[in-house]
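Everything below concerns the one structure shown next.
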2 protein chains.
Amino acid sequence: MALRHAVLAALLDGELSGYQLAKAFDVGVANFWHALPQQLYAELARLEREGLVAGRQVVQETRPTKRLFHVTDAGLAELERFAAAASKPSFIRDDLLVKVQAADHVDAGPLIRQVEERAAMAEAKIDLFRRILRKMRGDLGEEEFLREGGRVGPYLTCLRGLAFEEGNRDWCLRTAAVLRDRSAAVPGGGTASITREGTAPAPRNQEVAHAER
Amino acid sequence: MALRHAVLAALLDGELSGYQLAKAFDVGVANFWHALPQQLYAELARLEREGLVAGRQVVQETRPTKRLFHVTDAGLAELERFAAAASKPSFIRDDLLVKVQAADHVDAGPLIRQVEERAAMAEAKIDLFRRILRKMRGDLGEEEFLREGGRVGPYLTCLRGLAFEEGNRDWCLRTAAVLRDRSAAVPGGGTASITREGTAPAPRNQEVAHAER
DNA sequence: TTTGAATAGTCATATTGTTGACTATGAACG
DNA sequence: CGTTCATAGTCAACAATATGACTATTCAAA
């Protein structure tokens, strides 16, 4: 149940419509959480039923009517409660890492391409985050802003996002270089090679060496 | 459907039982994916039904009988297919970041404690990863190992895990310092202060200023 | 002038992931 | 002599996320 708190946290900086929220949680900027529009609309509806956010309708001349949401006092209290409770550890969970884990057993070509593609995506996000940070701190230096500026929360999470993407980019470039080097070194370069040359692990137990079922 | 591939990738380095797999995917080391035992047993069963892994029973004298699984040729082919397909982007999704995003609106005390706790956890993981890396490369230097060593996949994913945790630690320490400074600076230091002093955003649309429903 | 993108939002279904409890055995602690 | 830990595995129920399809309107470009 952390999406609800992510939504509350996102609404602290001012009213947003479901649509605006969806964009913030989806494309790129998802600094501290990621979710699809459907999830957000559903969560907003739940939060409103429970009185943690309130919406007000805004009729627009040029665009469809929208509803802007803000956090209520009850919502703020819920956030407070959440912030004081224990956090569950965060884990890496990434398709690309799974593929790299298997790098020695699969075709290196497509893998290298994907790792490089990811490096480029990371680079783009780095640029974006840098721009956002500059905008947030205005004409103050980073140190000043963090000492004296208003609302440092979003700035800090954006810093994490930036560092994460820098880590991503660096690792992707290094990984691509390693894989490229190695697939150039072997004769059949690029095509899966290692199949089963493992050091036979000297069974220490009485093993029933048959595949049952 | 990436858990199945994560399992396949993990089994490439040798046979494992569900239990061993569970430990690898759970406690700390979860380099490239994370999952609970129940998921893994279920996934192993599915993979076996589909012929992507095969198990063989090992009767032990001292411990309960276990089943060791290995990847079949069909499993290897499936991994190959997966590795060549497009990867979905990876996102940060972290309780703690949600809380920091709301840092300006909630009590700083518990937050600072949690951020520091997380820094310590990251530090522990860093140590663990360093040990694992040392063990994997044996007496070779990192560069040599990445050029000439066998199976660099796990080494590379572990490097990513290490960098991730270093990023975590650094960010946590910085964040803790910033929050601590700021909560020392304000008179009511530590207790939630900002409630709603936002710059009224000068409505540009004809707004129906009533909360409906 | 139709096509496509952007705004604004919704529904149903499927897949994944989490929580909590439960069965067994042998080893080690005190 | 009982308790707890580590191994080895399973079941059921639930919560969270993801996928895909859908309705509207308006603006801008091909």
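Chain lettering (A, B, ...) mirrors the order of the structure tokens, residue numbering begins at 1 for each chain separately, and ligand numbering begins at 1 in order of display.
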Would you kindly report the residues of chain B within 7 Å of chain D, using only C-alpha atoms (C1' of nucleotides), as a VMD selection string?
chain B and resid 19 63 to 64 66
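Fitting chain B onto chain A across all of their Cα atoms brings the RMSD down to 0.1 Å.
Note that DSSP on the backbone gives strand (DSSP E) to these residues of segment 39-154 of chain B: Val53, Ala54, Gly55, Arg56, Gln57, Val58, Lys66, Arg67, Leu68, Phe69, His70 and Val71 of chain B.
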Output file for the selection above: N, CA and C atoms, as a PDB file, in the first residue's frame:
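Dumped everything to part29.pdb:
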```pdb
ATOM      1  N   VAL B  53      13.248 -26.566 -17.133  1.00  0.00           N
ATOM      2  CA  VAL B  53      14.238 -27.052 -16.169  1.00  0.00           C
ATOM      3  C   VAL B  53      13.908 -28.511 -15.858  1.00  0.00           C
ATOM      4  N   ALA B  54      14.886 -29.236 -15.332  1.00  0.00           N
ATOM      5  CA  ALA B  54      14.642 -30.606 -14.912  1.00  0.00           C
ATOM      6  C   ALA B  54      15.240 -30.776 -13.521  1.00  0.00           C
ATOM      7  N   GLY B  55      14.547 -31.539 -12.709  1.00  0.00           N
ATOM      8  CA  GLY B  55      15.026 -31.742 -11.348  1.00  0.00           C
ATOM      9  C   GLY B  55      15.435 -33.185 -11.137  1.00  0.00           C
ATOM     10  N   ARG B  56      16.375 -33.366 -10.210  1.00  0.00           N
ATOM     11  CA  ARG B  56      16.681 -34.741  -9.843  1.00  0.00           C
ATOM     12  C   ARG B  56      16.751 -34.778  -8.327  1.00  0.00           C
ATOM     13  N   GLN B  57      16.230 -35.897  -7.800  1.00  0.00           N
ATOM     14  CA  GLN B  57      16.111 -36.002  -6.365  1.00  0.00           C
ATOM     15  C   GLN B  57      17.454 -36.364  -5.735  1.00  0.00           C
ATOM     16  N   VAL B  58      17.779 -35.754  -4.623  1.00  0.00           N
ATOM     17  CA  VAL B  58      19.005 -36.062  -3.903  1.00  0.00           C
ATOM     18  C   VAL B  58      18.644 -36.415  -2.460  1.00  0.00           C
ATOM     19  N   LYS B  66      16.160 -33.339  -1.022  1.00  0.00           N
ATOM     20  CA  LYS B  66      15.920 -32.125  -1.811  1.00  0.00           C
ATOM     21  C   LYS B  66      15.890 -32.467  -3.286  1.00  0.00           C
ATOM     22  N   ARG B  67      15.530 -31.495  -4.100  1.00  0.00           N
ATOM     23  CA  ARG B  67      15.572 -31.689  -5.547  1.00  0.00           C
ATOM     24  C   ARG B  67      16.427 -30.598  -6.161  1.00  0.00           C
ATOM     25  N   LEU B  68      17.431 -31.042  -6.906  1.00  0.00           N
ATOM     26  CA  LEU B  68      18.311 -30.087  -7.570  1.00  0.00           C
ATOM     27  C   LEU B  68      17.836 -29.877  -8.999  1.00  0.00           C
ATOM     28  N   PHE B  69      17.775 -28.620  -9.401  1.00  0.00           N
ATOM     29  CA  PHE B  69      17.269 -28.298 -10.734  1.00  0.00           C
ATOM     30  C   PHE B  69      18.375 -27.788 -11.643  1.00  0.00           C
ATOM     31  N   HIS B  70      18.257 -28.144 -12.898  1.00  0.00           N
ATOM     32  CA  HIS B  70      19.155 -27.552 -13.899  1.00  0.00           C
ATOM     33  C   HIS B  70      18.348 -27.151 -15.131  1.00  0.00           C
ATOM     34  N   VAL B  71      18.924 -26.252 -15.917  1.00  0.00           N
ATOM     35  CA  VAL B  71      18.265 -25.739 -17.113  1.00  0.00           C
ATOM     36  C   VAL B  71      18.403 -26.755 -18.247  1.00  0.00           C
TER      37      VAL B  71
END
```
Near-segment 156-172 of chain B list (7 Å; only C-alpha atoms (C1' of nucleotides); drop same-chain fewer than 5 positions) as a count of residues only:
20
Sorted by chain and rising residue number, list the residues of chain C at most 12 Å from chain B (counting only C-alpha atoms (C1' of nucleotides)), each with its closest atom pair and distance in Å to one decimal, as CSV.
```
residue,atom,partner,partner_atom,distance
C:DA14,C1',B:Met1,CA,11.9
C:DT15,C1',B:Met1,CA,8.1
C:DT16,C1',B:Met1,CA,8.4
C:DG17,C1',B:Gln39,CA,8.0
C:DT18,C1',B:Leu36,CA,8.5
C:DT19,C1',B:Gln38,CA,10.9
C:DG20,C1',B:Gln38,CA,11.7
C:DA24,C1',B:Pro64,CA,8.3
C:DT25,C1',B:Pro64,CA,6.2
C:DG26,C1',B:Thr62,CA,6.4
C:DA27,C1',B:Thr62,CA,9.0
```
DSSP alpha helix (DSSP H) residues within segment 87-131 of chain B, listed as number ranges by chain
B: 95-101, 108-131
Min atom-atom distance to chain A from the set B:Asp73, B:Glu43, B:Asp95, B:Glu15, counting only C-alpha atoms, belongs to B:Asp95
Find the residues of chain B in contact range of chain A, meaning any atom within 6 Å when counting only C-alpha atoms, and list them as a PDB file with N, CA and C atoms, in the first residue's frame.
```pdb
ATOM      1  N   ALA B   6      14.640 -15.036 -14.676  1.00  0.00           N
ATOM      2  CA  ALA B   6      15.593 -14.822 -13.590  1.00  0.00           C
ATOM      3  C   ALA B   6      15.988 -16.166 -12.977  1.00  0.00           C
ATOM      4  N   ALA B   9      18.275 -17.951 -15.371  1.00  0.00           N
ATOM      5  CA  ALA B   9      19.607 -17.338 -15.341  1.00  0.00           C
ATOM      6  C   ALA B   9      20.377 -17.751 -14.087  1.00  0.00           C
ATOM      7  N   PHE B  32      20.080  -9.329  -9.222  1.00  0.00           N
ATOM      8  CA  PHE B  32      19.395  -8.946 -10.450  1.00  0.00           C
ATOM      9  C   PHE B  32      17.902  -9.160 -10.373  1.00  0.00           C
ATOM     10  N   TRP B  33      17.443  -9.760  -9.299  1.00  0.00           N
ATOM     11  CA  TRP B  33      16.012  -9.922  -9.112  1.00  0.00           C
ATOM     12  C   TRP B  33      15.777 -10.278  -7.660  1.00  0.00           C
ATOM     13  N   ARG B  56      16.375 -33.366 -10.210  1.00  0.00           N
ATOM     14  CA  ARG B  56      16.681 -34.741  -9.843  1.00  0.00           C
ATOM     15  C   ARG B  56      16.751 -34.778  -8.327  1.00  0.00           C
ATOM     16  N   VAL B  58      17.779 -35.754  -4.623  1.00  0.00           N
ATOM     17  CA  VAL B  58      19.005 -36.062  -3.903  1.00  0.00           C
ATOM     18  C   VAL B  58      18.644 -36.415  -2.460  1.00  0.00           C
ATOM     19  N   VAL B  59      18.826 -37.692  -2.143  1.00  0.00           N
ATOM     20  CA  VAL B  59      18.529 -38.155  -0.787  1.00  0.00           C
ATOM     21  C   VAL B  59      19.731 -37.865   0.095  1.00  0.00           C
ATOM     22  N   GLN B  60      19.494 -37.167   1.177  1.00  0.00           N
ATOM     23  CA  GLN B  60      20.596 -36.828   2.076  1.00  0.00           C
ATOM     24  C   GLN B  60      20.433 -37.591   3.386  1.00  0.00           C
ATOM     25  N   GLU B  80      17.563 -17.572 -24.413  1.00  0.00           N
ATOM     26  CA  GLU B  80      18.134 -16.943 -25.607  1.00  0.00           C
ATOM     27  C   GLU B  80      17.108 -16.008 -26.250  1.00  0.00           C
ATOM     28  N   ALA B  83      16.560 -12.995 -24.062  1.00  0.00           N
ATOM     29  CA  ALA B  83      17.689 -12.059 -24.070  1.00  0.00           C
ATOM     30  C   ALA B  83      17.693 -11.204 -25.326  1.00  0.00           C
ATOM     31  N   ALA B  84      17.120 -11.748 -26.403  1.00  0.00           N
ATOM     32  CA  ALA B  84      17.122 -11.008 -27.666  1.00  0.00           C
ATOM     33  C   ALA B  84      15.939 -10.052 -27.768  1.00  0.00           C
ATOM     34  N   SER B  87      13.899  -5.055 -23.728  1.00  0.00           N
ATOM     35  CA  SER B  87      13.763  -4.986 -22.263  1.00  0.00           C
ATOM     36  C   SER B  87      12.834  -3.843 -21.907  1.00  0.00           C
ATOM     37  N   SER B  90      13.617  -0.005 -16.384  1.00  0.00           N
ATOM     38  CA  SER B  90      13.517  -0.288 -14.949  1.00  0.00           C
ATOM     39  C   SER B  90      13.238   0.997 -14.184  1.00  0.00           C
ATOM     40  N   ILE B  92      12.719   3.054 -10.330  1.00  0.00           N
ATOM     41  CA  ILE B  92      12.881   3.117  -8.884  1.00  0.00           C
ATOM     42  C   ILE B  92      11.498   3.021  -8.260  1.00  0.00           C
ATOM     43  N   ARG B  93      11.398   2.266  -7.223  1.00  0.00           N
ATOM     44  CA  ARG B  93      10.117   2.147  -6.507  1.00  0.00           C
ATOM     45  C   ARG B  93      10.474   1.862  -5.069  1.00  0.00           C
ATOM     46  N   ASP B  94      10.456   2.914  -4.275  1.00  0.00           N
ATOM     47  CA  ASP B  94      11.040   2.794  -2.950  1.00  0.00           C
ATOM     48  C   ASP B  94      10.268   3.602  -1.908  1.00  0.00           C
ATOM     49  N   ASP B  95       9.756   2.890  -0.938  1.00  0.00           N
ATOM     50  CA  ASP B  95       9.089   3.491   0.219  1.00  0.00           C
ATOM     51  C   ASP B  95       9.800   4.727   0.747  1.00  0.00           C
ATOM     52  N   LEU B  97      11.958   6.716  -0.532  1.00  0.00           N
ATOM     53  CA  LEU B  97      11.956   7.895  -1.386  1.00  0.00           C
ATOM     54  C   LEU B  97      10.623   8.624  -1.297  1.00  0.00           C
ATOM     55  N   VAL B  98       9.556   7.860  -1.193  1.00  0.00           N
ATOM     56  CA  VAL B  98       8.236   8.478  -1.034  1.00  0.00           C
ATOM     57  C   VAL B  98       8.227   9.342   0.220  1.00  0.00           C
ATOM     58  N   LYS B  99       8.809   8.804   1.274  1.00  0.00           N
ATOM     59  CA  LYS B  99       8.833   9.546   2.531  1.00  0.00           C
ATOM     60  C   LYS B  99       9.684  10.810   2.424  1.00  0.00           C
ATOM     61  N   VAL B 100      10.820  10.681   1.754  1.00  0.00           N
ATOM     62  CA  VAL B 100      11.687  11.848   1.600  1.00  0.00           C
ATOM     63  C   VAL B 100      11.012  12.900   0.716  1.00  0.00           C
ATOM     64  N   GLN B 101      10.277  12.434  -0.280  1.00  0.00           N
ATOM     65  CA  GLN B 101       9.526  13.381  -1.120  1.00  0.00           C
ATOM     66  C   GLN B 101       8.608  14.251  -0.255  1.00  0.00           C
ATOM     67  N   ALA B 102       8.075  13.643   0.789  1.00  0.00           N
ATOM     68  CA  ALA B 102       7.159  14.372   1.678  1.00  0.00           C
ATOM     69  C   ALA B 102       7.887  15.014   2.853  1.00  0.00           C
ATOM     70  N   ALA B 103       9.208  15.019   2.805  1.00  0.00           N
ATOM     71  CA  ALA B 103      10.016  15.424   3.970  1.00  0.00           C
ATOM     72  C   ALA B 103       9.651  16.792   4.534  1.00  0.00           C
ATOM     73  N   ASP B 104       9.248  17.720   3.652  1.00  0.00           N
ATOM     74  CA  ASP B 104       8.960  19.071   4.124  1.00  0.00           C
ATOM     75  C   ASP B 104       7.642  19.160   4.879  1.00  0.00           C
ATOM     76  N   VAL B 106       6.351  16.390   6.884  1.00  0.00           N
ATOM     77  CA  VAL B 106       6.202  15.427   7.987  1.00  0.00           C
ATOM     78  C   VAL B 106       7.332  15.585   9.007  1.00  0.00           C
ATOM     79  N   PRO B 110      11.752  10.733  12.773  1.00  0.00           N
ATOM     80  CA  PRO B 110      11.690   9.334  12.343  1.00  0.00           C
ATOM     81  C   PRO B 110      12.288   9.143  10.957  1.00  0.00           C
ATOM     82  N   ARG B 151      32.561 -16.962 -17.278  1.00  0.00           N
ATOM     83  CA  ARG B 151      31.270 -16.402 -16.826  1.00  0.00           C
ATOM     84  C   ARG B 151      31.359 -15.048 -16.113  1.00  0.00           C
ATOM     85  N   GLY B 153      28.974 -12.810 -16.519  1.00  0.00           N
ATOM     86  CA  GLY B 153      27.598 -12.347 -16.284  1.00  0.00           C
ATOM     87  C   GLY B 153      27.324 -12.038 -14.832  1.00  0.00           C
ATOM     88  N   PRO B 154      27.472 -13.044 -13.961  1.00  0.00           N
ATOM     89  CA  PRO B 154      27.207 -12.800 -12.545  1.00  0.00           C
ATOM     90  C   PRO B 154      28.101 -11.721 -11.959  1.00  0.00           C
ATOM     91  N   ASN B 205      -8.034  29.365 -15.601  1.00  0.00           N
ATOM     92  CA  ASN B 205      -9.253  28.863 -16.220  1.00  0.00           C
ATOM     93  C   ASN B 205     -10.473  29.317 -15.421  1.00  0.00           C
ATOM     94  N   GLU B 207     -12.798  28.577 -13.088  1.00  0.00           N
ATOM     95  CA  GLU B 207     -12.858  27.466 -12.151  1.00  0.00           C
ATOM     96  C   GLU B 207     -14.158  27.461 -11.385  1.00  0.00           C
ATOM     97  N   VAL B 208     -14.759  26.299 -11.298  1.00  0.00           N
ATOM     98  CA  VAL B 208     -15.936  26.109 -10.460  1.00  0.00           C
ATOM     99  C   VAL B 208     -15.400  25.727  -9.096  1.00  0.00           C
ATOM    100  N   HIS B 210     -15.868  24.672  -6.160  1.00  0.00           N
ATOM    101  CA  HIS B 210     -16.594  23.947  -5.102  1.00  0.00           C
ATOM    102  C   HIS B 210     -16.229  22.473  -5.201  1.00  0.00           C
ATOM    103  N   ALA B 211     -16.085  21.868  -4.068  1.00  0.00           N
ATOM    104  CA  ALA B 211     -15.828  20.430  -4.050  1.00  0.00           C
ATOM    105  C   ALA B 211     -17.149  19.713  -4.264  1.00  0.00           C
TER     106      ALA B 211
END
```
Between atom CA of Glu144 of chain A and atom CA of Ile132 of chain A, distance in Å (one decimal):
16.7 Å
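Atom to atom, atom CA of Arg130 of chain B and atom CA of Phe25 of chain B stand 17.9 Å apart.
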